[in-house]
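The next block holds one structure in the form of structure tokens; read it before the comments.
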Amino acid sequence: MREKYQIEIEKRIEDADSGYAFSAIDFADIAGTDPTNKALSRLGEAGTIRRVIKGIYDKPLYSKLLGEYSSPNIEKVAQALARKYNWTIAPSGETALNFLHLSTQVPVNYSYVSDGPYRKYKIGNYLVEFKHCANKEISGKSYITIIVIQAIKSIGKDRIQPKDISILSDLLPEEEKKKILREAMTTTPWIYGVIKEVCKK
């Protein structure tokens with residue numbers, strides 16, 4: 001007979017979207033770490049979920065076209081790691097540019113800024129890197145504000161183009177622009193200057 005917590009964990013996973021990534025911490029309201037890890041391990045052995053890296057699982061998305069399960073969703077895995085370790089993270093570098101449609105190049109490596117320690121993970125064919133940054137760069141800022149700052153920083157002061165400003169301006173809703181203007185005031189002056197251009201268009 002299955003334990004009540006096992007049934008509740010299975011139900012939560014069943015209700016989650018395909019591709020969702022998680023760790024034991026996401027079930028802390030149902031059971032303690034040890035029983036949750038055992039439940040997840042059993043579900044992994046049964047093929048209901050997939051172990052991505054130690055302590056992180058996902059609900060794999062099945063591709064009818066390819067006739068196989070898709071690779072793990074790196075963004076969802078990164079978010080699961082952030083929840084597990086209580087990090088604040090956001091895409092940086094090429095990852096941020098791709099996220100905001102400023103680059104069509106699909107990253108081979110995924111880069112994130114974090115208020116946690118430096119960490120590097122191999123997930124399938126991808127390298128996922130979390131780079132520690134100063135708290136002032138991310139603390140008190142929303143996910144979208146951090147990404148916009150990181151994307152502009154990645155392009156560079158002398159390489160930012162009117163088309164980049166236009167893409168960002170079209171992408172961001174007016175409410176988000178107001179929030180970004182407010183939250184980014186403490187960032188590097190030249191980056192804030194670009195943000196003001198983006199938000200006034």
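To be explicit about the labels: the chains of the structure tokens are called A, B, and onward in the order shown, and within each one the residues are counted from 1, while ligands get numbers from 1 in the order they are shown.
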
All helix (DSSP H, G or I) positions in stretch 32-128 of chain A, as a ChimeraX atom specification = /A:33-46,74-85,93-99

Pull C-alpha atoms from the residues just selected and write them as a tab-separated table (two decimals), in the first residue's frame.
```
chain	number	residue	atom	x	y	z
A	33	THR	CA	13.39	15.46	2.47
A	34	ASP	CA	14.19	11.76	3.01
A	35	PRO	CA	10.75	10.32	2.24
A	36	THR	CA	10.38	12.72	-0.71
A	37	ASN	CA	13.74	11.65	-2.15
A	38	LYS	CA	12.71	8.00	-1.81
A	39	ALA	CA	9.38	8.72	-3.53
A	40	LEU	CA	11.12	10.56	-6.38
A	41	SER	CA	13.68	7.78	-6.71
A	42	ARG	CA	10.87	5.20	-7.02
A	43	LEU	CA	9.11	7.32	-9.67
A	44	GLY	CA	12.41	7.67	-11.53
A	45	GLU	CA	12.91	3.90	-11.54
A	46	ALA	CA	9.34	3.48	-12.81
A	74	ILE	CA	17.42	24.02	-19.35
A	75	GLU	CA	15.56	27.11	-18.12
A	76	LYS	CA	13.23	24.97	-15.98
A	77	VAL	CA	16.18	22.97	-14.62
A	78	ALA	CA	17.97	26.22	-13.74
A	79	GLN	CA	14.85	27.45	-11.92
A	80	ALA	CA	14.61	24.14	-10.03
A	81	LEU	CA	18.23	24.50	-8.89
A	82	ALA	CA	17.55	28.10	-7.81
A	83	ARG	CA	14.55	26.99	-5.72
A	84	LYS	CA	16.51	24.11	-4.22
A	85	TYR	CA	19.38	26.33	-3.05
A	93	GLY	CA	25.40	36.73	-21.73
A	94	GLU	CA	24.20	34.91	-24.86
A	95	THR	CA	21.48	33.21	-22.80
A	96	ALA	CA	19.94	36.60	-21.93
A	97	LEU	CA	20.22	37.79	-25.56
A	98	ASN	CA	18.47	34.66	-26.78
A	99	PHE	CA	15.77	34.93	-24.11
```

Those of stretch 21-79 of chain A in DSSP strand (DSSP E), formatted as JSON, numbers by chain | {"A": [21, 22, 50, 51, 52, 53, 56, 57, 58, 62, 63, 68, 69]}

Got time to write the residues from that selection, C-alpha atoms, as a PDB file, in the first residue's frame?
```
ATOM      1  CA  ALA A  21      11.737  20.320 -13.370  1.00  0.00           C
ATOM      2  CA  PHE A  22      11.794  19.951  -9.589  1.00  0.00           C
ATOM      3  CA  ARG A  50      13.560  11.462 -15.290  1.00  0.00           C
ATOM      4  CA  ARG A  51      16.657  12.157 -13.182  1.00  0.00           C
ATOM      5  CA  VAL A  52      18.393  15.116 -14.839  1.00  0.00           C
ATOM      6  CA  ILE A  53      21.265  15.576 -12.388  1.00  0.00           C
ATOM      7  CA  ILE A  56      16.885  17.296  -9.845  1.00  0.00           C
ATOM      8  CA  TYR A  57      14.193  15.520 -11.859  1.00  0.00           C
ATOM      9  CA  ASP A  58      11.837  16.492 -14.657  1.00  0.00           C
ATOM     10  CA  TYR A  62       7.349  13.161 -25.263  1.00  0.00           C
ATOM     11  CA  SER A  63       7.757  14.200 -28.899  1.00  0.00           C
ATOM     12  CA  GLU A  68      11.243   9.971 -28.147  1.00  0.00           C
ATOM     13  CA  TYR A  69      11.450  12.154 -25.069  1.00  0.00           C
TER      14      TYR A  69
END
```

Long-range neighbours of A:Ser23 as a PDB file with N, CA and C atoms, in the first residue's frame, 6 Å cut-off, only C-alpha atoms, 2 positions minimum in chain:
```pdb
ATOM      1  N   ILE A  25      12.681  19.836  -2.511  1.00  0.00           N
ATOM      2  CA  ILE A  25      12.221  21.060  -1.840  1.00  0.00           C
ATOM      3  C   ILE A  25      10.832  21.483  -2.328  1.00  0.00           C
ATOM      4  N   ASP A  26      10.485  21.125  -3.554  1.00  0.00           N
ATOM      5  CA  ASP A  26       9.188  21.501  -4.119  1.00  0.00           C
ATOM      6  C   ASP A  26       8.026  20.708  -3.522  1.00  0.00           C
ATOM      7  N   GLY A  55      19.619  15.001  -7.561  1.00  0.00           N
ATOM      8  CA  GLY A  55      18.651  15.794  -6.801  1.00  0.00           C
ATOM      9  C   GLY A  55      17.646  16.568  -7.637  1.00  0.00           C
ATOM     10  N   ILE A  56      17.808  16.563  -8.956  1.00  0.00           N
ATOM     11  CA  ILE A  56      16.885  17.296  -9.845  1.00  0.00           C
ATOM     12  C   ILE A  56      16.264  16.317 -10.846  1.00  0.00           C
TER      13      ILE A  56
END
```

So which residues touch stretch 182-193 of chain A within 7 Å, counting only C-alpha atoms, skipping near sequence neighbours fewer than 2 positions away, as a ChimeraX atom specification?
-> /A:137,141,145,149,152-153,157,178-180,195-197

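Among the candidate residues A:Ala151, A:Ile89, A:Ile144, A:Leu100, the one lying nearest to A:His132 is A:Ile89, with distances computed using only C-alpha atoms.
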
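Here atom CA of A:His101 stands at a distance of 16.0 Å from atom CA of A:Tyr143.
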